[in-house]
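Shown next, in structure tokens, is the structure this report addresses.
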Amino acid sequence: MKVMASLIPRPGLRVLITAGANGIGLTMAQAFHEAGARVHVCDIDTQALAALPAGIGRSVADVSQEGDVDRLFREAAALGGLDVVINNAGIAGPTAGIEEIDDEAWTRTIDVNLNGQYRVAHRAVALLRESQGVLINLSSVAGRLGLAYRTPYVASKWAIVGLTKSLASELGTEGVRVNAILPGIVRGPRIERVIADRAAKRGLSYAEMEQEYLSRVSMRRMVEPTDIAAMALFLCAPGGANISGQALSVCANVEAL
Ligand code: NAD
């Protein structure tokens, strides 16, 4: 195969994306759809699910609920199998010092961000084994750095790297590839909320806080949701066929948080 052709996934890939109705998940769903894939997404935002482009399958499902994830897989079975599963659902969790975080906020963050990815992987593996498929887990640059006042999120995102590397070892001999994408500061409403929360915590203005964030990025800029989607597409293209067990940062080189 020519190198240029190897950069594009084959048409007809069967793709499941969690939290695909907004943000990075939506951008990935649109990108795979445009690349000729058959895409099914889940989300808890019913309005945003209803607004998805025609042709994208959808389920209302919360990845923290076992029964929802079971139903998601029953509904996604309409694709007749899965070649790609993208574990994208993740919440920011509380912005608070360790003594102020309560048990409920800690548990909720871990339950969505880590246990949710486990629940999806647990059900996806048989299908991916069959298709010699690809599992992509969304971590974060917070999965390779520390960040004060965001302990539950950071702990969950480091755990995703461990989940990814272990599954890549476990499933590699069976032809299943597993990788993590670590987005940096991705432009969009989510990061605006995070910066605003952190600014309030630190007694800074939004602009000052944003400046501080970017001062730790070598390229002094945010990345776009399309940059993350491009990495996901490449990992599922023939050119990505020998990439597994990696924690791939797409972040303009975030040096610290
Ligand atoms: P987002 O906050 O924009 O939310 C995306 C979607 O997740 C929403 O549609 C929401 O309804 C859905 N969702 C929330 N909880 C859910 C649940 N329990 N089950 C199913 N769906 C649920 O998120 P985003 O910024 O697009 O982030 C996507 C992933 O990328 C997350 O795992 C996040 O941690 C990671 N990430 C994001 C950034 C960033 O700057 N945006 C940076 C690093 C990593």
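Chain labels A, B, ... are given in the sequence in which chains occur in the structure tokens; within each chain residues are numbered consecutively from 1, and ligands are likewise numbered from 1 in the order shown.
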Distance query A:Ile44 at most 12 Å, only C-alpha atoms, self and fewer than 2 positions along chain excluded, as number ranges by chain: A: 18-22, 41-42, 46-50, 58-65, 68-69, 72, 89-90, 112
Near-A:Leu114 list (9 Å; only C-alpha atoms; drop same-chain fewer than 4 positions) as an NGL selection string: :A and (90 or 109-110 or 118-119 or 156-157 or 159-160 or 163)
All strand (DSSP E or B) positions in stretch 68-206 of chain A, as a list of chain:residue names: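 Filtering stretch 68-206 of chain A to strand (DSSP E or B) leaves A:Val84, A:Val85, A:Ile86, A:Asn87, A:Val134, A:Leu135, A:Ile136, A:Asn137, A:Leu138, A:Arg177, A:Val178, A:Asn179, A:Ala180, A:Ile181, A:Leu182, A:Pro183, A:Val186.
Remark: for ligand 1, the closest of the candidate residues A:Met4, A:Ala121, A:Val141, A:Leu128 is A:Val141 (distances computed over only C-alpha atoms and all ligand atoms).
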Shell around A:Arg108 at 10 Å using only C-alpha atoms, local window under 6 positions removed, as a list of chain:residue names: A:Ser64, A:Ile91, A:Gly93, A:Pro94, A:Leu114, A:Asn115, A:Pro152
Next, write the just-selected residues to a file, as a compact mmCIF listing (two decimals), in the first residue's frame, keeping all heavy atoms as the atom set.
# COMPACT_ATOMS: atom_id res chain seq x y z
N SER A 64 -21.25 5.34 33.61
CA SER A 64 -21.09 4.95 35.02
C SER A 64 -22.17 3.95 35.45
O SER A 64 -22.15 3.49 36.59
CB SER A 64 -21.10 6.18 35.93
OG SER A 64 -22.39 6.73 36.00
N ILE A 91 -15.29 13.27 32.84
CA ILE A 91 -15.74 14.53 33.45
C ILE A 91 -14.56 15.20 34.15
O ILE A 91 -13.59 14.54 34.51
CB ILE A 91 -16.91 14.30 34.44
CG1 ILE A 91 -16.53 13.28 35.52
CG2 ILE A 91 -18.16 13.84 33.68
CD1 ILE A 91 -17.57 13.13 36.63
N GLY A 93 -14.51 16.62 37.08
CA GLY A 93 -14.42 16.39 38.53
C GLY A 93 -14.27 17.70 39.27
O GLY A 93 -14.24 18.79 38.68
N PRO A 94 -14.17 17.62 40.60
CA PRO A 94 -14.12 18.85 41.40
C PRO A 94 -12.79 19.59 41.29
O PRO A 94 -11.76 18.97 41.03
CB PRO A 94 -14.30 18.33 42.83
CG PRO A 94 -13.80 16.91 42.79
CD PRO A 94 -14.11 16.40 41.40
N LEU A 114 -12.67 6.36 34.98
CA LEU A 114 -11.91 5.10 34.97
C LEU A 114 -12.83 3.89 34.85
O LEU A 114 -12.71 3.09 33.92
CB LEU A 114 -11.05 4.99 36.23
CG LEU A 114 -10.30 3.66 36.40
CD1 LEU A 114 -9.36 3.39 35.22
CD2 LEU A 114 -9.53 3.64 37.72
N ASN A 115 -13.78 3.78 35.78
CA ASN A 115 -14.64 2.60 35.75
C ASN A 115 -15.47 2.55 34.46
O ASN A 115 -15.75 1.48 33.94
CB ASN A 115 -15.57 2.57 36.97
CG ASN A 115 -14.78 2.54 38.28
OD1 ASN A 115 -13.58 2.29 38.27
ND2 ASN A 115 -15.44 2.82 39.39
N PRO A 152 -8.70 14.14 41.76
CA PRO A 152 -9.46 12.99 41.24
C PRO A 152 -9.34 12.85 39.72
O PRO A 152 -9.17 11.74 39.21
CB PRO A 152 -10.91 13.28 41.65
CG PRO A 152 -10.88 14.44 42.57
CD PRO A 152 -9.56 15.11 42.45
Spatial neighbours of A:Glu75, 9 Å, only C-alpha atoms, chain gap at least 4 places, as a list in words: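 The residues that qualify are His40, Gly57, Arg58, Ser59, Asp70, Arg71 and Leu79 of chain A.
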One-decimal distance in Å that lies between atom CA of A:Asp227 and atom CA of A:Val250: 7.2 Å
Which residue of A:Phe32, A:Trp106, A:Tyr153, A:Tyr213 approaches ligand 1 most closely, using only C-alpha atoms and all ligand atoms: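 Checking each of A:Phe32, A:Trp106, A:Tyr153, A:Tyr213 against ligand 1, counting only C-alpha atoms and all ligand atoms, the winner is A:Tyr153.
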Residue among A:Asn137, A:Ser131, A:Thr107, A:Gln30 lying closest to ligand 1, counting only C-alpha atoms and all ligand atoms: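 Among the listed residues, the smallest separation from ligand 1 belongs to A:Asn137.
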Of the listed residues A:Asp103, A:Glu255, A:Asp197, A:Glu192, that which approaches ligand 1 most closely, counting only C-alpha atoms and all ligand atoms: A:Glu192
For A:Leu135, the nearest of the candidates A:Ser244, A:Asn253, A:Thr151, A:Ser215, counting only C-alpha atoms: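 Using only C-alpha atoms, the shortest distance to A:Leu135 belongs to A:Ser244.
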